[in-house]
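Text of entry.txt, listed as compact mmCIF, C-alpha atoms:
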# COMPACT_ATOMS: atom_id res chain seq x y z
CA MET A 243 0.00 0.00 0.00
CA LYS A 244 1.45 3.39 -1.02
CA PHE A 245 1.09 6.50 1.14
CA ASN A 246 1.80 10.07 0.24
CA LYS A 247 3.06 12.58 2.83
CA THR A 248 -0.40 13.64 3.94
CA THR A 249 -1.72 10.12 4.32
CA LEU A 250 1.39 8.99 6.21
CA GLY A 251 1.07 11.95 8.54
CA ILE A 252 -2.54 11.05 9.17
CA LEU A 253 -1.75 7.44 9.96
CA LEU A 254 1.31 8.15 12.08
CA GLY A 255 0.00 8.78 15.22
CA ALA A 256 -2.25 9.01 14.97
CA LEU A 257 -3.07 8.93 11.94
CA LEU A 258 -3.65 12.41 12.93
CA LEU A 259 -1.79 15.58 12.09
CA ALA A 260 -3.45 18.93 12.65
CA GLY A 261 -4.27 21.19 9.77
CA CYS A 262 -3.76 19.42 6.48
CA GLU A 263 -3.00 16.13 8.26
CA THR A 264 -5.87 15.72 10.72
CA MET A 265 -7.47 12.33 11.01
CA ARG A 266 -11.19 12.16 10.49
CA PRO A 267 -12.92 9.46 12.60
CA ALA A 268 -15.21 8.39 9.79
CA LYS A 269 -12.15 7.23 7.83
CA THR A 270 -10.51 5.28 10.64
CA THR A 271 -8.95 2.01 9.57
CA ALA A 272 -10.56 -1.04 11.14
CA PRO A 273 -8.47 -2.85 13.76
CA PRO A 274 -6.43 -5.92 12.77
CA ASP A 275 -8.18 -9.28 12.74
CA LYS A 276 -5.97 -10.48 15.60
CA THR A 277 -3.60 -9.04 18.14
CA PRO A 278 0.00 -9.54 16.99
CA THR A 279 2.32 -11.68 19.09
CA PRO A 280 5.18 -9.93 20.92
CA GLU A 281 7.52 -11.14 18.18
CA GLU A 282 5.27 -9.81 15.41
CA ARG A 283 4.86 -6.51 17.24
CA ALA A 284 8.62 -6.09 17.65
CA ALA A 285 9.26 -6.96 13.99
CA MET A 286 6.62 -4.46 12.89
CA GLN A 287 8.10 -1.63 14.96
CA THR A 288 11.80 -2.29 14.35
CA GLN A 289 14.20 -1.80 11.47
CA THR A 290 17.98 -1.88 11.16
CA PHE A 291 19.76 0.66 8.96
CA PRO A 292 23.25 0.29 7.44
CA ALA A 293 24.49 3.60 8.85
CA ARG A 294 26.02 5.08 11.97
CA GLU A 295 23.77 6.04 14.88
CA GLY A 296 24.39 9.76 14.41
CA VAL A 297 23.25 9.60 10.78
CA VAL A 298 20.04 7.73 11.61
CA PHE A 299 19.36 10.05 14.56
CA ALA A 300 19.62 13.16 12.35
CA ALA A 301 17.50 11.53 9.64
CA THR A 302 14.79 10.61 12.15
CA ILE A 303 14.51 14.18 13.42
CA ALA A 304 14.34 15.49 9.86
CA VAL A 305 11.53 13.07 8.93
CA LEU A 306 9.50 14.02 12.00
CA GLN A 307 9.92 17.72 11.24
CA ASP A 308 8.91 17.15 7.61
CA LEU A 309 5.72 15.51 8.88
CA GLU A 310 5.13 18.48 11.22
CA TRP A 311 5.51 16.56 14.45
CA LYS A 312 6.64 18.44 17.57
CA LEU A 313 9.82 17.16 19.22
CA ASP A 314 8.90 16.80 22.90
CA LYS A 315 12.18 15.23 24.03
CA VAL A 316 15.47 14.60 22.24
CA ASP A 317 18.21 12.74 24.15
CA ARG A 318 21.12 12.08 21.81
CA ALA A 319 23.16 10.17 24.42
CA ALA A 320 20.30 7.77 25.16
CA GLY A 321 19.23 7.54 21.52
CA LEU A 322 15.71 8.61 22.50
CA ILE A 323 13.23 10.80 20.61
CA GLN A 324 9.70 11.57 21.79
CA ALA A 325 7.35 13.47 19.50
CA SER A 326 3.67 14.36 19.23
CA ASN A 327 1.30 16.20 16.96
CA PRO A 328 -0.99 19.12 17.93
CA ARG A 329 -4.00 18.52 20.13
CA ARG A 330 -7.44 18.87 18.56
CA LEU A 331 -11.06 18.10 19.41
CA GLU A 332 -12.70 14.96 18.01
CA PRO A 333 -15.99 13.21 18.84
CA LEU A 334 -14.49 9.73 19.28
CA GLY A 335 -11.93 8.51 21.80
CA PRO A 336 -8.93 6.29 20.98
CA ARG A 337 -10.75 3.06 21.83
CA GLU A 338 -14.10 4.14 20.39
CA GLU A 339 -12.64 4.77 16.96
CA THR A 340 -11.53 1.13 16.70
CA SER A 341 -15.14 -0.05 16.99
CA THR A 342 -16.48 -1.82 13.92
CA ASN A 343 -20.04 -0.83 14.87
CA PHE A 344 -20.20 1.97 12.32
CA GLU A 345 -23.85 2.73 13.03
CA TRP A 346 -22.96 3.48 16.67
CA ARG A 347 -19.96 5.53 15.57
CA ARG A 348 -22.05 7.66 13.22
CA ALA A 349 -24.62 8.26 15.97
CA ALA A 350 -21.90 9.21 18.47
CA ILE A 351 -20.28 11.65 16.04
CA LYS A 352 -23.66 13.20 15.28
CA ARG A 353 -24.62 13.82 18.90
CA ARG A 354 -21.22 14.99 20.18
CA THR A 355 -21.28 18.41 18.60
CA SER A 356 -20.29 20.64 21.51
CA GLU A 357 -16.71 21.13 22.67
CA LYS A 358 -17.60 19.86 26.15
CA SER A 359 -18.71 16.49 24.78
CA GLN A 360 -15.65 15.90 22.59
CA TRP A 361 -12.30 14.31 23.24
CA THR A 362 -9.00 16.17 23.20
CA ARG A 363 -6.94 13.99 20.87
CA TRP A 364 -3.29 13.73 19.86
CA ASP A 365 -0.78 11.13 18.68
CA SER A 366 2.59 10.39 20.22
CA MET A 367 5.68 8.56 19.07
CA VAL A 368 8.62 7.14 21.02
CA ILE A 369 11.71 6.22 19.01
CA HIS A 370 14.78 4.48 20.38
CA LEU A 371 18.01 4.20 18.40
CA GLU A 372 20.94 2.00 19.35
CA LYS A 373 24.24 0.93 17.84
CA TRP A 374 24.15 -2.43 16.11
CA PRO A 375 26.95 -4.72 14.90
CA GLN A 376 28.74 -3.99 11.59
CA ARG A 377 28.27 -0.21 11.90
CA GLN A 378 24.49 -0.47 11.74
CA THR A 379 21.77 1.22 13.79
CA ARG A 380 18.65 -0.45 15.16
CA CYS A 381 15.51 1.73 15.31
CA ARG A 382 12.40 0.90 17.38
CA ALA A 383 9.35 3.16 16.91
CA ILE A 384 6.13 2.97 18.94
CA LEU A 385 3.12 5.00 17.84
CA SER A 386 0.14 5.68 20.11
CA ARG A 387 -3.24 7.39 19.86
CA ASN A 388 -4.11 9.42 22.95
CA GLY A 389 -7.16 11.22 24.24
CA THR A 390 -8.70 12.89 27.28
CA LEU A 391 -12.36 13.57 27.98
CA PRO A 392 -13.23 16.15 30.65
CA ALA A 393 -15.56 15.40 33.55
CA MET A 394 -19.13 16.39 32.71
CA SER A 395 -22.68 16.35 34.01
CA TYR A 396 -25.74 15.62 31.90
CA PRO A 397 -29.46 14.97 32.50
CA ALA A 398 -30.89 11.47 32.20
CA LYS A 399 -33.84 9.34 33.27
CA VAL A 400 -33.37 6.55 35.81
CA ASN A 401 -36.45 4.56 36.81
CA LYS A 402 -38.59 7.23 35.12
CA GLN A 403 -37.04 9.97 37.26
CA ASP A 404 -34.99 12.91 36.04
CA VAL A 405 -31.48 12.74 37.43
CA ILE A 406 -28.09 14.34 36.77
CA ILE A 407 -25.32 11.96 35.79
CA ASN A 408 -21.81 13.04 36.82
CA ALA A 409 -19.31 11.38 34.50
CA PRO A 410 -15.65 11.39 35.61
CA ALA A 411 -12.81 12.52 33.40
CA LYS A 412 -11.27 9.89 31.12
CA GLU A 413 -7.81 9.38 29.69
CA GLU A 414 -6.88 6.75 27.11
CA SER A 415 -3.82 5.65 25.18
CA VAL A 416 -3.96 2.98 22.47
CA GLU A 417 -0.83 1.65 20.79
CA LEU A 418 -1.08 1.67 17.02
CA LEU A 419 -0.55 -1.80 15.53
CA LEU A 420 -0.99 -1.33 11.78
CA PRO A 421 1.99 -2.79 9.86
CA GLU A 422 1.51 -0.49 6.86
CA VAL A 423 1.96 2.59 9.06
CA TYR A 424 5.36 1.45 10.32
CA GLU A 425 6.38 0.28 6.86
CA SER A 426 5.64 3.72 5.44
CA PHE A 427 7.49 5.50 8.25
CA PHE A 428 10.57 3.30 7.90
CA LYS A 429 10.54 3.69 4.12
CA ARG A 430 10.62 7.45 4.52
CA LEU A 431 13.33 7.17 7.17
CA GLU A 432 15.37 4.86 4.94
CA ALA A 433 15.33 7.45 2.16
CA ALA A 434 16.49 10.16 4.58
CA VAL A 435 19.30 7.90 5.83
CA LEU A 436 20.44 7.15 2.29
CA ASP A 437 20.52 10.87 1.48
CA ARG A 438 22.78 11.52 4.47
CA THR A 439 24.95 8.49 3.82
CA GLY A 440 25.63 9.79 0.33
CA VAL A 441 26.55 13.22 1.69
CA ASP A 442 28.72 11.61 4.38
CA LYS A 443 30.76 9.72 1.78
CA GLU A 444 31.60 12.77 -0.32
Would you write out, as structure tokens, the structure that this file holds?
Amino acid sequence: MKFNKTTLGILLGALLLAGCETMRPAKTTAPPDKTPTPEERAAMQTQTFPAREGVVFAATIAVLQDLEWKLDKVDRAAGLIQASNPRRLEPLGPREETSTNFEWRRAAIKRRTSEKSQWTRWDSMVIHLEKWPQRQTRCRAILSRNGTLPAMSYPAKVNKQDVIINAPAKEESVELLLPEVYESFFKRLEAAVLDRTGVDKE
């Protein structure tokens, strides 16, 4: 499956970049048929590059900036990069958007029109780079969808009586486990590494 810059930005975390790369719940990809094993998960999220750690580190930062992600933490010594995209309001939470009950999803989107009833959503990414044998660098990337829903009160009927329901605040984080998303990210990162490797050899 081929992704352009906008589509990759949407899927990466979110599958959600603000502005031109904001994910729309109605287009959410359905969850995988089965949960991957730990080995499958690690293979999906990991790739080894034939370049020094410094080259891959610089390439990773450049790719994230190209995709308009914000660098929340950069620790060169630890080989750690944490990034996120801008927060925005959406009617569905991270777990709700994985539901395959599309009729319920449409109804939820339709009724959650006010800011108070919507989730604050954003995507986050944690990338760890480490030296690997034969002058290679191993990269592990973990993408997550995040959301918070404020505490709210709303009227309801319980046993035919009017009552006020006080719903507590919610916070959710769902790890993204779509192989094509990681494949697209690593393909873009590989191109950035190759560009820098060529420059490095001159």
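Within 7 Å of stretch 327-338 of chain A there are Leu259, Ala260, Pro267, Trp311, Lys312, Thr340, Ser341, Ile351, Arg354, Gln360, Trp361, Thr362, Arg363, Trp364, Asp365, Ser366, Arg387, Asn388, Gly389, Glu414, Ser415 and Val416 of chain A, counting only C-alpha atoms and ignoring same-chain residues fewer than 2 positions away.
Among A:Leu431, A:Arg377, A:Ala409, A:Pro280, the residue with the shortest atom-to-atom distance to A:Pro397, counting all atoms listed in the file, is A:Ala409.
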State, in Å with one decimal place, the distance from atom CA of A:Thr290 to atom CA of A:Ala320. 17.2 Å
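Rounded to one decimal, atom CA of A:Asn408 and atom CA of A:Pro392 lie 11.0 Å from each other.
Nearest residue to A:Leu313, choosing from A:Ser356, A:Phe299, A:Met367, A:Ala350 and counting all atoms listed in the file: A:Met367.
Interatomic distance, atom CA of A:Arg318 to atom CA of A:Phe428: 19.5 Å.
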Could you list as a list in words every residue that has an atom within 12 Å of (17.8, 14.4, 9.7), using the file's coordinates and counting all atoms listed in the file? Glu295, Gly296, Val297, Val298, Phe299, Ala300, Ala301, Thr302, Ile303, Ala304, Val305, Leu306, Gln307, Asp308, Arg430, Leu431, Glu432, Ala433, Ala434, Val435, Leu436, Asp437, Arg438, Thr439 and Val441 of chain A
Polymer residues at most 10 Å from (-18.5, 17.7, 34.1) by all atoms listed in the file, as a PyMOL selection string: chain A and resi 358-359+391-396+407-411
Measuring atom to atom with all atoms listed in the file, identify which of A:Ser386, A:Thr277, A:Thr288, A:Asn343 is nearest to A:Leu371. A:Thr288
Selected residue, from A:Val400, A:Leu309, A:Ala293, A:Leu419, that lies nearest to A:Ser326 when counting only C-alpha atoms: A:Leu309
Pick from A:Lys373, A:Lys352, A:Lys429, A:Lys402 nearest to A:Ala319, counting all atoms listed in the file: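 The answer is A:Lys373, which sits nearest to A:Ala319.
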